[in-house]
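K.L.:
For reference, the file work.csv (CSV, C-alpha atoms) is included below:
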chain,number,residue,atom,x,y,z
D,1067,GLU,CA,9.7,8.7,4.9
D,1068,ALA,CA,6.6,8.8,2.7
D,1069,GLY,CA,5.2,5.5,1.7
D,1070,VAL,CA,3.8,4.2,-1.6
D,1071,ALA,CA,0.8,6.3,-2.5
D,1072,GLN,CA,-2.2,4.9,-4.4
D,1073,SER,CA,-5.4,6.5,-5.6
D,1074,PRO,CA,-8.3,6.2,-5.7
D,1075,ARG,CA,-8.9,4.2,-2.5
D,1076,TYR,CA,-12.2,2.7,-3.8
D,1077,LYS,CA,-13.8,2.5,-7.3
D,1078,ILE,CA,-17.1,1.1,-8.3
D,1079,ILE,CA,-17.9,0.7,-12.0
D,1080,GLU,CA,-20.1,-1.3,-14.3
D,1081,LYS,CA,-18.8,-4.0,-16.5
D,1082,ARG,CA,-17.5,-2.9,-19.9
D,1083,GLN,CA,-16.5,0.5,-18.4
D,1084,SER,CA,-12.9,1.7,-18.2
D,1085,VAL,CA,-10.9,2.4,-15.0
D,1086,ALA,CA,-7.4,3.7,-14.2
D,1087,PHE,CA,-5.4,3.4,-11.0
D,1088,TRP,CA,-2.4,5.6,-10.1
D,1089,CYS,CA,0.7,4.8,-8.0
D,1090,ASN,CA,3.5,7.0,-6.7
D,1091,PRO,CA,6.3,4.8,-5.3
D,1092,ILE,CA,8.8,5.7,-2.6
D,1093,SER,CA,11.3,8.2,-3.9
D,1094,GLY,CA,14.4,6.6,-5.3
D,1095,HIS,CA,12.9,3.2,-5.7
D,1096,ALA,CA,13.8,1.8,-9.1
D,1097,THR,CA,11.4,-1.1,-9.2
D,1098,LEU,CA,7.6,-0.8,-9.2
D,1099,TYR,CA,5.1,-3.7,-9.1
D,1100,TRP,CA,1.4,-4.0,-9.7
D,1101,TYR,CA,-0.4,-6.9,-8.0
D,1102,GLN,CA,-4.0,-8.1,-8.1
D,1103,GLN,CA,-5.4,-9.5,-4.9
D,1104,ILE,CA,-8.7,-11.3,-5.2
D,1105,LEU,CA,-10.6,-11.7,-2.0
D,1106,GLY,CA,-9.3,-14.7,0.0
D,1107,GLN,CA,-6.2,-15.1,-2.1
D,1108,GLY,CA,-2.6,-14.0,-2.1
D,1109,PRO,CA,-1.4,-11.1,-4.4
D,1110,LYS,CA,-0.7,-12.0,-8.0
D,1111,LEU,CA,1.9,-10.1,-9.9
D,1112,LEU,CA,0.5,-8.3,-13.0
D,1113,ILE,CA,3.5,-6.3,-14.1
D,1114,GLN,CA,7.0,-5.3,-12.8
D,1115,PHE,CA,8.9,-2.2,-14.0
D,1116,GLN,CA,12.6,-1.5,-13.6
D,1117,ASN,CA,12.8,2.3,-14.0
D,1118,ASN,CA,10.6,2.8,-17.0
D,1119,GLY,CA,11.2,-0.6,-18.6
D,1120,VAL,CA,9.0,-3.7,-18.2
D,1121,VAL,CA,10.8,-6.6,-16.5
D,1122,ASP,CA,7.8,-9.0,-16.3
D,1123,ASP,CA,4.3,-8.7,-17.7
D,1124,SER,CA,3.7,-12.4,-18.3
D,1125,GLN,CA,0.5,-12.5,-16.1
D,1126,LEU,CA,-1.0,-9.3,-17.4
D,1127,PRO,CA,-4.2,-9.8,-19.5
D,1128,LYS,CA,-3.0,-7.6,-22.3
D,1129,ASP,CA,-6.2,-7.7,-24.2
D,1130,ARG,CA,-7.8,-5.5,-21.5
D,1131,PHE,CA,-5.0,-4.4,-19.0
D,1132,SER,CA,-2.3,-1.9,-19.7
D,1133,ALA,CA,0.3,-0.2,-17.6
D,1134,GLU,CA,2.9,2.5,-18.0
D,1135,ARG,CA,5.6,4.1,-16.0
D,1136,LEU,CA,6.6,7.2,-17.8
D,1137,LYS,CA,9.8,8.9,-16.6
D,1138,GLY,CA,10.5,5.9,-14.3
D,1139,VAL,CA,8.5,7.3,-11.4
D,1140,ASP,CA,4.7,7.3,-11.2
D,1141,SER,CA,2.7,4.5,-12.8
D,1142,THR,CA,-0.8,4.0,-14.0
D,1143,LEU,CA,-2.7,0.7,-14.5
D,1144,LYS,CA,-5.7,0.8,-16.8
D,1145,ILE,CA,-8.5,-1.8,-17.4
D,1146,GLN,CA,-10.6,-1.4,-20.6
D,1147,PRO,CA,-13.2,-2.9,-20.7
D,1148,ALA,CA,-13.7,-4.2,-17.2
D,1149,LYS,CA,-15.2,-7.6,-16.5
D,1150,LEU,CA,-16.9,-8.9,-13.3
D,1151,GLU,CA,-13.9,-11.1,-12.5
D,1152,ASP,CA,-11.7,-8.0,-12.3
D,1153,SER,CA,-13.2,-7.2,-8.9
D,1154,ALA,CA,-10.2,-7.2,-6.6
D,1155,VAL,CA,-7.7,-5.0,-4.7
D,1156,TYR,CA,-5.0,-3.6,-6.9
D,1157,LEU,CA,-1.8,-3.2,-4.9
D,1158,CYS,CA,1.2,-1.2,-6.0
D,1159,ALA,CA,4.6,-1.9,-4.5
D,1160,SER,CA,8.1,-0.5,-4.9
D,1161,SER,CA,11.7,-1.6,-4.0
D,1162,LEU,CA,15.1,-0.2,-4.3
D,1163,GLY,CA,16.4,-2.8,-6.7
D,1164,ASP,CA,15.0,-5.8,-8.5
D,1165,ALA,CA,16.7,-8.6,-6.7
D,1166,SER,CA,14.3,-11.3,-5.5
D,1167,ASN,CA,15.2,-10.8,-1.8
D,1168,GLU,CA,14.5,-7.0,-1.9
D,1169,LYS,CA,12.1,-5.6,0.6
D,1170,LEU,CA,8.8,-4.6,-1.1
D,1171,PHE,CA,6.9,-1.6,0.3
D,1172,PHE,CA,3.2,-1.8,-0.5
D,1173,GLY,CA,0.6,0.9,-0.8
D,1174,SER,CA,-2.9,0.5,0.8
D,1175,GLY,CA,-4.3,-0.6,-2.5
D,1176,THR,CA,-7.4,0.4,-4.7
D,1177,GLN,CA,-10.4,-1.8,-4.1
D,1178,LEU,CA,-12.3,-2.2,-7.4
D,1179,SER,CA,-15.9,-3.5,-7.6
D,1180,VAL,CA,-17.2,-4.3,-11.1
D,1181,LEU,CA,-21.0,-4.6,-11.1
I,1436,THR,CA,0.3,-21.1,-11.8
I,1437,GLN,CA,0.2,-21.2,-8.0
I,1438,LEU,CA,3.7,-22.2,-6.8
I,1439,LEU,CA,3.2,-21.8,-3.0
I,1440,GLU,CA,0.5,-23.5,-0.9
I,1441,GLN,CA,-0.1,-22.3,2.7
I,1442,SER,CA,-1.8,-24.2,5.4
I,1443,PRO,CA,-4.0,-23.9,7.2
I,1444,GLN,CA,-6.1,-21.4,5.2
I,1445,PHE,CA,-7.9,-20.2,8.3
I,1446,LEU,CA,-6.9,-20.4,12.0
I,1447,SER,CA,-8.8,-19.1,15.0
I,1448,ILE,CA,-7.1,-19.5,18.4
I,1449,GLN,CA,-7.3,-18.2,21.9
I,1450,GLU,CA,-4.9,-15.6,23.2
I,1451,GLY,CA,-1.8,-17.2,24.7
I,1452,GLU,CA,-1.8,-20.3,22.5
I,1453,ASN,CA,1.0,-21.3,20.1
I,1454,LEU,CA,0.5,-21.9,16.4
I,1455,THR,CA,2.5,-22.9,13.3
I,1456,VAL,CA,1.7,-21.8,9.7
I,1457,TYR,CA,3.2,-23.7,6.8
I,1458,CYS,CA,4.3,-22.7,3.3
I,1459,ASN,CA,5.0,-25.5,0.8
I,1460,SER,CA,6.1,-25.8,-2.8
I,1461,SER,CA,7.6,-28.3,-5.2
I,1462,SER,CA,9.9,-25.5,-6.5
I,1463,VAL,CA,13.2,-24.4,-5.1
I,1464,PHE,CA,13.5,-20.8,-4.1
I,1465,SER,CA,16.5,-18.6,-3.9
I,1466,SER,CA,14.9,-16.7,-1.0
I,1467,LEU,CA,11.6,-16.6,0.8
I,1468,GLN,CA,9.8,-13.8,2.6
I,1469,TRP,CA,7.0,-13.6,5.1
I,1470,TYR,CA,4.5,-10.7,5.1
I,1471,ARG,CA,1.6,-9.8,7.3
I,1472,GLN,CA,-1.4,-8.0,5.9
I,1473,GLU,CA,-4.1,-6.2,7.9
I,1474,PRO,CA,-7.6,-5.4,6.5
I,1475,GLY,CA,-7.5,-2.4,4.1
I,1476,GLU,CA,-3.7,-2.3,4.0
I,1477,GLY,CA,-0.9,-3.7,1.9
I,1478,PRO,CA,1.3,-6.5,3.1
I,1479,VAL,CA,4.2,-5.6,5.4
I,1480,LEU,CA,7.5,-7.5,5.3
I,1481,LEU,CA,8.3,-9.5,8.5
I,1482,VAL,CA,11.4,-11.4,7.4
I,1483,THR,CA,13.5,-12.7,4.5
I,1484,VAL,CA,15.3,-16.1,4.7
I,1485,VAL,CA,17.9,-17.0,2.1
I,1486,THR,CA,19.8,-20.1,3.4
I,1487,GLY,CA,18.5,-23.6,3.5
I,1488,GLY,CA,17.9,-24.6,7.2
I,1489,GLU,CA,18.0,-20.9,8.3
I,1490,VAL,CA,16.0,-20.0,11.4
I,1491,LYS,CA,15.2,-16.3,12.2
I,1492,LYS,CA,13.4,-15.0,15.3
I,1493,LEU,CA,11.4,-11.8,15.6
I,1494,LYS,CA,10.2,-11.5,19.2
I,1495,ARG,CA,7.6,-14.2,19.5
I,1496,LEU,CA,7.8,-15.2,15.8
I,1497,THR,CA,10.1,-17.9,14.6
I,1498,PHE,CA,10.7,-18.4,10.9
I,1499,GLN,CA,12.4,-21.5,9.4
I,1500,PHE,CA,13.5,-22.1,5.8
I,1501,GLY,CA,13.5,-25.8,4.8
I,1502,ASP,CA,16.9,-27.5,4.1
I,1503,ALA,CA,16.0,-28.0,0.5
I,1504,ARG,CA,14.7,-24.4,0.2
I,1505,LYS,CA,11.2,-25.6,-1.0
I,1506,ASP,CA,9.2,-24.9,2.2
I,1507,SER,CA,9.0,-22.7,5.2
I,1508,SER,CA,7.2,-22.4,8.5
I,1509,LEU,CA,6.2,-19.6,10.8
I,1510,HIS,CA,5.7,-20.3,14.5
I,1511,ILE,CA,4.1,-17.9,16.9
I,1512,THR,CA,4.5,-18.3,20.6
I,1513,ALA,CA,1.8,-17.0,23.0
I,1514,ALA,CA,-0.3,-15.4,20.4
I,1515,GLN,CA,-1.8,-12.0,21.1
I,1516,PRO,CA,-4.8,-10.2,19.5
I,1517,GLY,CA,-2.4,-7.9,17.7
I,1518,ASP,CA,-1.1,-10.9,15.7
I,1519,THR,CA,-4.4,-11.1,13.9
I,1520,GLY,CA,-4.0,-10.7,10.2
I,1521,LEU,CA,-3.3,-12.4,6.9
I,1522,TYR,CA,0.1,-14.1,6.8
I,1523,LEU,CA,1.6,-14.5,3.3
I,1524,CYS,CA,4.7,-16.3,2.2
I,1525,ALA,CA,6.4,-15.2,-1.0
I,1526,GLY,CA,9.1,-17.1,-2.8
I,1527,ALA,CA,11.6,-16.1,-5.5
I,1528,PRO,CA,12.3,-18.9,-7.9
I,1529,GLY,CA,14.6,-16.7,-9.9
I,1530,ALA,CA,16.6,-13.6,-9.7
I,1531,ASN,CA,13.9,-11.0,-9.8
I,1532,ASN,CA,10.5,-12.7,-9.6
I,1533,LEU,CA,8.4,-13.0,-6.4
I,1534,PHE,CA,5.3,-15.2,-6.1
I,1535,PHE,CA,2.9,-15.0,-3.2
I,1536,GLY,CA,1.3,-17.9,-1.4
I,1537,THR,CA,-2.4,-18.5,-0.9
I,1538,GLY,CA,-2.3,-17.0,2.6
I,1539,THR,CA,-3.3,-18.0,6.2
I,1540,ARG,CA,-5.9,-15.8,7.9
I,1541,LEU,CA,-5.2,-15.8,11.6
I,1542,THR,CA,-7.6,-14.6,14.3
I,1543,VAL,CA,-6.5,-14.4,17.9
I,1544,ILE,CA,-9.4,-14.2,20.3
I,1545,PRO,CA,-8.9,-12.2,23.5
Can you dump the structure from the file as structure tokens?

P.N.:
Amino acid sequence: EAGVAQSPRYKIIEKRQSVAFWCNPISGHATLYWYQQILGQGPKLLIQFQNNGVVDDSQLPKDRFSAERLKGVDSTLKIQPAKLEDSAVYLCASSLGDASNEKLFFGSGTQLSVL
Amino acid sequence: TQLLEQSPQFLSIQEGENLTVYCNSSSVFSSLQWYRQEPGEGPVLLVTVVTGGEVKKLKRLTFQFGDARKDSSLHITAAQPGDTGLYLCAGAPGANNLFFGTGTRLTVIP
């Protein structure tokens, strides 16, 4: 079974530039999550989709971050403009349903460095 | 808001030793999960506990959910170098939210 695919693997940009990350969840998984993991910390949920609808985006900095999941499959996360404090690993995860005890499957992440 | 605090933050032990990692909160969780994350990879689920007082074993790993469903512990017996990684607890205060703890970075020295 193919896992959660993310690209790019690494990205280096200068502050105030824009960047986009892509995620392809496991086939058939209805729920997709984007997490931000700053070095030395646990992942922080940015946004959760159920099919193509947003379940939770309360911790998404909406002035600069946006995400979409068209057709309820792939998803993109965009940052515009980037700040130094956005340097982190961006993890995408998916699960079959949206129950709190569902098993989350994570991708390998995109490591973003903002200079 | 950080709901889950893990301790210790860092742990370095010799192969064969035992260790316990703690995950504490003032909030009640409907379920709690433990993940292990290796460098350059995403977290991988180890176990889910849902009942207060529940104990689950996974080979040399023993997981316990507190009676009040506010805390959890992970005990590793006879640690091996392959156990090295970042251990994360994740709690669900509601029906479909999952919050991760601060993490414990374990290094097992051969």

K.L.:
Within 7 Å of Ser1460 of chain I, counting all atoms listed in the file, which residues qualify if same-chain residues fewer than 6 places away don't, as a compact mmCIF listing (two decimals) with C-alpha atoms, keeping the file's coordinate frame?

P.N.:
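Result written to selection-v5.txt:
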# COMPACT_ATOMS: atom_id res chain seq x y z
CA LEU I 1438 3.70 -22.20 -6.80
CA LEU I 1439 3.20 -21.80 -3.00
CA GLU I 1440 0.50 -23.50 -0.90
CA LYS I 1505 11.20 -25.60 -1.00
CA ASP I 1506 9.20 -24.90 2.20

K.L.:
Write out as a PDB file with C-alpha atoms, in the coordinates of the input every residue belonging to chain D that has an atom at most 9 Å from any atom of chain I, counting only C-alpha atoms.

P.N.:
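Below is the file out.pdb, written as the result:
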ATOM      1  CA  GLY D1106      -9.300 -14.700   0.000  1.00  0.00           C
ATOM      2  CA  GLN D1107      -6.200 -15.100  -2.100  1.00  0.00           C
ATOM      3  CA  GLY D1108      -2.600 -14.000  -2.100  1.00  0.00           C
ATOM      4  CA  PRO D1109      -1.400 -11.100  -4.400  1.00  0.00           C
ATOM      5  CA  LYS D1110      -0.700 -12.000  -8.000  1.00  0.00           C
ATOM      6  CA  LEU D1111       1.900 -10.100  -9.900  1.00  0.00           C
ATOM      7  CA  GLN D1114       7.000  -5.300 -12.800  1.00  0.00           C
ATOM      8  CA  VAL D1121      10.800  -6.600 -16.500  1.00  0.00           C
ATOM      9  CA  ASP D1122       7.800  -9.000 -16.300  1.00  0.00           C
ATOM     10  CA  LEU D1157      -1.800  -3.200  -4.900  1.00  0.00           C
ATOM     11  CA  CYS D1158       1.200  -1.200  -6.000  1.00  0.00           C
ATOM     12  CA  ALA D1159       4.600  -1.900  -4.500  1.00  0.00           C
ATOM     13  CA  ASP D1164      15.000  -5.800  -8.500  1.00  0.00           C
ATOM     14  CA  ALA D1165      16.700  -8.600  -6.700  1.00  0.00           C
ATOM     15  CA  SER D1166      14.300 -11.300  -5.500  1.00  0.00           C
ATOM     16  CA  ASN D1167      15.200 -10.800  -1.800  1.00  0.00           C
ATOM     17  CA  GLU D1168      14.500  -7.000  -1.900  1.00  0.00           C
ATOM     18  CA  LYS D1169      12.100  -5.600   0.600  1.00  0.00           C
ATOM     19  CA  LEU D1170       8.800  -4.600  -1.100  1.00  0.00           C
ATOM     20  CA  PHE D1171       6.900  -1.600   0.300  1.00  0.00           C
ATOM     21  CA  PHE D1172       3.200  -1.800  -0.500  1.00  0.00           C
ATOM     22  CA  GLY D1173       0.600   0.900  -0.800  1.00  0.00           C
ATOM     23  CA  SER D1174      -2.900   0.500   0.800  1.00  0.00           C
ATOM     24  CA  GLY D1175      -4.300  -0.600  -2.500  1.00  0.00           C
ATOM     25  CA  GLN D1177     -10.400  -1.800  -4.100  1.00  0.00           C
TER      26      GLN D1177
END

K.L.:
Considering only C-alpha atoms, return as number ranges by chain whatever protein or nucleic-acid residues lie within 7 Å of segment 1450-1457 of chain I, sequence-local ones (same chain, fewer than 3 positions apart) excluded.

P.N.:
I: 1441-1443, 1507-1516, 1543-1545

K.L.:
Excluding Leu1098 of chain D and any residue of its chain fewer than 4 positions from it, enumerate the residues within 10 Å of it, using all atoms listed in the file, and give them as a PyMOL selection string.

P.N.:
chain D and resi 1070+1089-1092+1113-1118+1120-1121+1135+1138-1141+1158-1164+1170-1172

K.L.:
List as a PyMOL selection string the protein and nucleic acid residues near Gly1487 of chain I, meaning an atom at most 8 Å away when all atoms listed in the file are counted, but skip any in the same chain fewer than 4 places from it.

P.N.:
chain I and resi 1500-1504

K.L.:
Between I:Leu1493, I:Thr1486, I:Ile1448, I:Thr1542, which is the closest to Gly1517 of chain I once you count only C-alpha atoms?

P.N.:
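For Gly1517 of chain I, the nearest of the candidates is I:Thr1542.
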
K.L.:
Missing atoms in segment 1069-1088 of chain D: fill them in up to N, CA, C and O atoms and send the result as a short mmCIF file (atom, residue, chain, number, x, y, z; two decimals), in the coordinates of the input.

P.N.:
data_model
loop_
_atom_site.label_atom_id
_atom_site.label_comp_id
_atom_site.auth_asym_id
_atom_site.auth_seq_id
_atom_site.Cartn_x
_atom_site.Cartn_y
_atom_site.Cartn_z
N GLY D 1069 5.39 6.80 2.24
CA GLY D 1069 5.20 5.50 1.70
C GLY D 1069 4.75 5.49 0.28
O GLY D 1069 4.75 6.53 -0.38
N VAL D 1070 4.32 4.33 -0.20
CA VAL D 1070 3.80 4.20 -1.60
C VAL D 1070 2.35 4.76 -1.54
O VAL D 1070 1.54 4.35 -0.71
N ALA D 1071 2.09 5.69 -2.43
CA ALA D 1071 0.80 6.30 -2.50
C ALA D 1071 -0.03 5.76 -3.64
O ALA D 1071 0.49 5.59 -4.76
N GLN D 1072 -1.30 5.44 -3.37
CA GLN D 1072 -2.20 4.90 -4.40
C GLN D 1072 -3.50 5.70 -4.38
O GLN D 1072 -3.97 6.10 -3.33
N SER D 1073 -4.09 5.87 -5.56
CA SER D 1073 -5.40 6.50 -5.60
C SER D 1073 -6.13 5.93 -6.88
O SER D 1073 -5.48 5.53 -7.86
N PRO D 1074 -7.47 5.88 -6.87
CA PRO D 1074 -8.30 6.20 -5.70
C PRO D 1074 -8.26 5.02 -4.68
O PRO D 1074 -7.66 3.98 -4.95
N ARG D 1075 -8.86 5.19 -3.55
CA ARG D 1075 -8.90 4.20 -2.50
C ARG D 1075 -9.96 3.10 -2.87
O ARG D 1075 -9.73 1.91 -2.64
N TYR D 1076 -11.07 3.56 -3.41
CA TYR D 1076 -12.20 2.70 -3.80
C TYR D 1076 -12.69 3.13 -5.18
O TYR D 1076 -12.64 4.32 -5.50
N LYS D 1077 -13.18 2.15 -5.96
CA LYS D 1077 -13.80 2.50 -7.30
C LYS D 1077 -14.84 1.45 -7.55
O LYS D 1077 -14.61 0.25 -7.43
N ILE D 1078 -16.01 1.95 -7.93
CA ILE D 1078 -17.10 1.10 -8.30
C ILE D 1078 -17.50 1.43 -9.75
O ILE D 1078 -17.79 2.60 -10.04
N ILE D 1079 -17.50 0.45 -10.64
CA ILE D 1079 -17.90 0.70 -12.00
C ILE D 1079 -18.74 -0.45 -12.52
O ILE D 1079 -18.85 -1.50 -11.86
N GLU D 1080 -19.34 -0.23 -13.67
CA GLU D 1080 -20.10 -1.30 -14.30
C GLU D 1080 -19.24 -2.02 -15.31
O GLU D 1080 -18.29 -1.45 -15.84
N LYS D 1081 -19.61 -3.27 -15.56
CA LYS D 1081 -18.80 -4.00 -16.50
C LYS D 1081 -18.82 -3.33 -17.88
O LYS D 1081 -19.76 -2.62 -18.23
N ARG D 1082 -17.73 -3.50 -18.57
CA ARG D 1082 -17.50 -2.90 -19.90
C ARG D 1082 -17.00 -1.44 -19.79
O ARG D 1082 -16.60 -0.88 -20.80
N GLN D 1083 -17.03 -0.85 -18.58
CA GLN D 1083 -16.50 0.50 -18.40
C GLN D 1083 -14.96 0.42 -18.28
O GLN D 1083 -14.39 -0.66 -18.11
N SER D 1084 -14.33 1.59 -18.32
CA SER D 1084 -12.90 1.70 -18.20
C SER D 1084 -12.56 2.26 -16.79
O SER D 1084 -13.36 2.98 -16.19
N VAL D 1085 -11.35 1.94 -16.32
CA VAL D 1085 -10.90 2.40 -15.00
C VAL D 1085 -9.39 2.57 -15.03
O VAL D 1085 -8.71 1.81 -15.74
N ALA D 1086 -8.88 3.52 -14.27
CA ALA D 1086 -7.40 3.70 -14.20
C ALA D 1086 -7.04 3.90 -12.71
O ALA D 1086 -7.76 4.55 -11.95
N PHE D 1087 -5.90 3.33 -12.36
CA PHE D 1087 -5.40 3.40 -11.00
C PHE D 1087 -4.00 4.14 -11.11
O PHE D 1087 -3.26 3.93 -12.07
N TRP D 1088 -3.67 4.88 -10.06
CA TRP D 1088 -2.40 5.60 -10.10
C TRP D 1088 -1.56 5.22 -8.87
O TRP D 1088 -2.09 4.90 -7.79
#
